[in-house]
Amino acid sequence: MNGLHTTAAASGRDTRCEKEPEGMIPDTPEDSLWSLARKKFLKDIPGLVAFVVVLSYFVIALGVWFGLWGLEWDELLNDDGYGGVSSTYWFGTNFNGQDIFSRVIYSTKTAFEVGAIVAVASIILGALFGCISGYYSGSWIDELVIWFYGCLDSIPFYLFVAAVSFAMADSPYAMYVAMIAVMWTSTCKVIRGQVIRLKHMEFVEAAHALGVSDPVILCRHILPNTIPILLIELSLAFVTAIKTEAILSFLGLGIRDGISWGIMLSEASAEVVAGHYHNFIAASLFMFGLVMAFNQFADAMQDALDPRKVT
């Protein structure tokens with residue numbers, strides 16, 4: 001672009017009204033990758049709707065955290081046990097006389113806690129191992145990391161998670177450890193490939209020429225360029241953690257001191273036989289809504305952060 005402006009000025013032509021060539025990024029501060037991604041995301045209507053839905057779930061979880069609602073989830077409110085939908089019990093009551101609406105609301109907080117803890121921890125581990133493995137690709141460090149996540153990936157995901165949760169049944173953190181221990185591998189593989197590509201770029205070679213140490217290059221020059229990928233991986237790990245928690249809780253290997261959609265579905269398995277569907281419908285709809293919205297939000301964010309599409 002600078003060469004075009006210089007040539008035009010030398011020939012005496014006024015280039016102020018000339019348009020930028022189609023497909024090129026204007027050389028202005030406000031047109032960075034992040035600003036272009038934001039503009040593209042704001043034009044994605046399904047992605048915006050999904051974001052609003054996820055934000056609504058998050059507000060519900062915040063209300064539970066601050067004690068505004070959902071605190072009566074374990075109280076026996078209806079002495080008659082099963083109860084239908086009413087102005088008092090919006091989703092009815094279960095076989096113990098507990099308010100299904102309070103339980104499904106409180107389970108939203110559980111889902112966000114599990115999703116956030118597992119996703120953040122697995123992303124940090126995956127980014128750490130992926131950066132080291134990719135930066136030292138071809139060395140014994142890289143081979144060791146590849147062998148390690150290859151061994152974990154060779155075991156069926158849900159079988160491995162269930163086995164670890166069962167083996168650590170006495171620990172309240174068994175489910176978290178089980179999911180984190182295996183979910184970091186997908187992030188590691190993606191970041192490893194990205195780091196291998198980045199380490200051969202000119203800005204990294206310039207840092208090497210200036211004598212910058214490897215840890216500084218990794219933390220200051222390479223890792224920041226993987227943030228868009230890490231955000232996408234974070235959203236995908238969040239959804240996977242919620243679904244895995246529901247499966248483990250359904251099997252009795254998940255949440256122990258609380259309530260979750262998986263536990264509600266486990267309870268509903270006996271209630272449905274008796275013709276009571278409120279517990280099953282409430283837990284299924286809430287979990288389906290959050291998972292589908294987060295998946296759509298992740299897809300929209302992936303499209304917005306893809307440099308090949310935003311440019």
# chains A, B, ... in the order shown; residues from 1 in each chain; ligands from 1
>>> closest_atom_pairs(of="segment 216-304 of chain A", to="segment 70-74 of chain A", cutoff="12 Å", atoms="only C-alpha atoms", output="tab-separated table")
residue	atom	partner	partner_atom	distance
A:Asp257	CA	A:Asp74	CA	10.9
A:Gly258	CA	A:Asp74	CA	8.6
A:Ile259	CA	A:Trp73	CA	8.0
A:Ser260	CA	A:Trp73	CA	10.6
A:Met264	CA	A:Trp73	CA	11.3
>>> write_last_selection(atoms="C-alpha atoms", output="mmCIF file, in the first residue's frame")
data_model
loop_
_atom_site.group_PDB
_atom_site.id
_atom_site.type_symbol
_atom_site.label_atom_id
_atom_site.label_comp_id
_atom_site.auth_asym_id
_atom_site.auth_seq_id
_atom_site.Cartn_x
_atom_site.Cartn_y
_atom_site.Cartn_z
ATOM 1 C CA ASP A 257 -23.164 -32.700 46.910
ATOM 2 C CA GLY A 258 -25.671 -30.871 44.778
ATOM 3 C CA ILE A 259 -28.017 -31.228 41.861
ATOM 4 C CA SER A 260 -27.456 -31.277 38.126
ATOM 5 C CA MET A 264 -32.506 -35.026 37.405
#
>>> residues_around(residues="segment 54-68 of chain A", least_positions_apart="5", cutoff="7 Å", atoms="only C-alpha atoms", output="list in words")
Ile105, Tyr106, Thr108, Lys109, Leu290, Ala293 and Phe294 of chain A
>>> write_last_selection(atoms="C-alpha atoms", output="PDB file, in the first residue's frame")
ATOM      1  CA  ILE A 105     -32.411 -23.460  37.877  1.00  0.00           C
ATOM      2  CA  TYR A 106     -29.800 -24.556  40.416  1.00  0.00           C
ATOM      3  CA  THR A 108     -27.724 -24.241  35.530  1.00  0.00           C
ATOM      4  CA  LYS A 109     -25.191 -22.972  38.064  1.00  0.00           C
ATOM      5  CA  LEU A 290     -27.592 -24.430  26.573  1.00  0.00           C
ATOM      6  CA  ALA A 293     -26.780 -22.332  21.905  1.00  0.00           C
ATOM      7  CA  PHE A 294     -23.149 -22.757  22.904  1.00  0.00           C
TER       8      PHE A 294
END
>>> atom_distance(atom1="atom CA of Ser284 of chain A", atom2="atom CA of Gln302 of chain A")
26.7 Å
>>> closest_residue(among="A:Phe250, A:Ile45, A:Glu233, A:Tyr82", to="Ser269 of chain A", atoms="only C-alpha atoms")
A:Phe250
>>> residues_around(residues="Val291 of chain A", least_positions_apart="2", cutoff="9 Å", atoms="only C-alpha atoms", output="PyMOL selection string")
chain A and resi 54+239-240+242-243+286-289+293-296
>>> select_by_dssp(residues="segment 183-304 of chain A", states="helix (DSSP H, G or I)", output="ChimeraX atom specification")
/A:183-198,202-209,214-250,261-273,278-304
>>> residues_around(residues="Glu267 of chain A", least_positions_apart="3", cutoff="10 Å", atoms="only C-alpha atoms", output="PDB file with N, CA and C atoms, in the first residue's frame")
ATOM      1  N   ASN A  94     -41.340 -33.238  42.024  1.00  0.00           N
ATOM      2  CA  ASN A  94     -40.937 -34.619  41.771  1.00  0.00           C
ATOM      3  C   ASN A  94     -41.523 -35.557  42.815  1.00  0.00           C
ATOM      4  N   PHE A  95     -41.073 -36.811  42.847  1.00  0.00           N
ATOM      5  CA  PHE A  95     -41.657 -37.803  43.738  1.00  0.00           C
ATOM      6  C   PHE A  95     -41.389 -37.492  45.212  1.00  0.00           C
ATOM      7  N   PHE A 250     -25.667 -39.057  35.663  1.00  0.00           N
ATOM      8  CA  PHE A 250     -26.725 -40.034  35.391  1.00  0.00           C
ATOM      9  C   PHE A 250     -26.310 -41.427  35.871  1.00  0.00           C
ATOM     10  N   TRP A 261     -28.438 -31.474  35.931  1.00  0.00           N
ATOM     11  CA  TRP A 261     -29.387 -32.012  34.959  1.00  0.00           C
ATOM     12  C   TRP A 261     -29.215 -33.513  34.812  1.00  0.00           C
ATOM     13  N   GLY A 262     -28.004 -34.022  34.944  1.00  0.00           N
ATOM     14  CA  GLY A 262     -27.777 -35.460  34.862  1.00  0.00           C
ATOM     15  C   GLY A 262     -28.457 -36.209  35.993  1.00  0.00           C
ATOM     16  N   ILE A 263     -28.387 -35.662  37.199  1.00  0.00           N
ATOM     17  CA  ILE A 263     -29.056 -36.299  38.342  1.00  0.00           C
ATOM     18  C   ILE A 263     -30.565 -36.263  38.152  1.00  0.00           C
ATOM     19  N   MET A 264     -31.070 -35.138  37.640  1.00  0.00           N
ATOM     20  CA  MET A 264     -32.506 -35.026  37.405  1.00  0.00           C
ATOM     21  C   MET A 264     -32.969 -36.050  36.362  1.00  0.00           C
ATOM     22  N   ALA A 270     -37.034 -43.302  36.556  1.00  0.00           N
ATOM     23  CA  ALA A 270     -38.045 -44.067  37.296  1.00  0.00           C
ATOM     24  C   ALA A 270     -39.404 -43.378  37.248  1.00  0.00           C
ATOM     25  N   GLU A 271     -39.417 -42.059  37.177  1.00  0.00           N
ATOM     26  CA  GLU A 271     -40.669 -41.315  37.166  1.00  0.00           C
ATOM     27  C   GLU A 271     -41.421 -41.483  35.852  1.00  0.00           C
ATOM     28  N   VAL A 272     -40.672 -41.561  34.740  1.00  0.00           N
ATOM     29  CA  VAL A 272     -41.317 -41.684  33.432  1.00  0.00           C
ATOM     30  C   VAL A 272     -42.139 -42.969  33.352  1.00  0.00           C
ATOM     31  N   ASN A 279     -40.046 -33.798  35.323  1.00  0.00           N
ATOM     32  CA  ASN A 279     -38.620 -33.783  35.659  1.00  0.00           C
ATOM     33  C   ASN A 279     -37.771 -34.016  34.416  1.00  0.00           C
ATOM     34  N   PHE A 280     -38.161 -34.995  33.615  1.00  0.00           N
ATOM     35  CA  PHE A 280     -37.424 -35.335  32.406  1.00  0.00           C
ATOM     36  C   PHE A 280     -37.466 -34.197  31.387  1.00  0.00           C
TER      37      PHE A 280
END
>>> atom_distance(atom1="atom CA of Val161 of chain A", atom2="atom CA of Ala268 of chain A")
23.5 Å
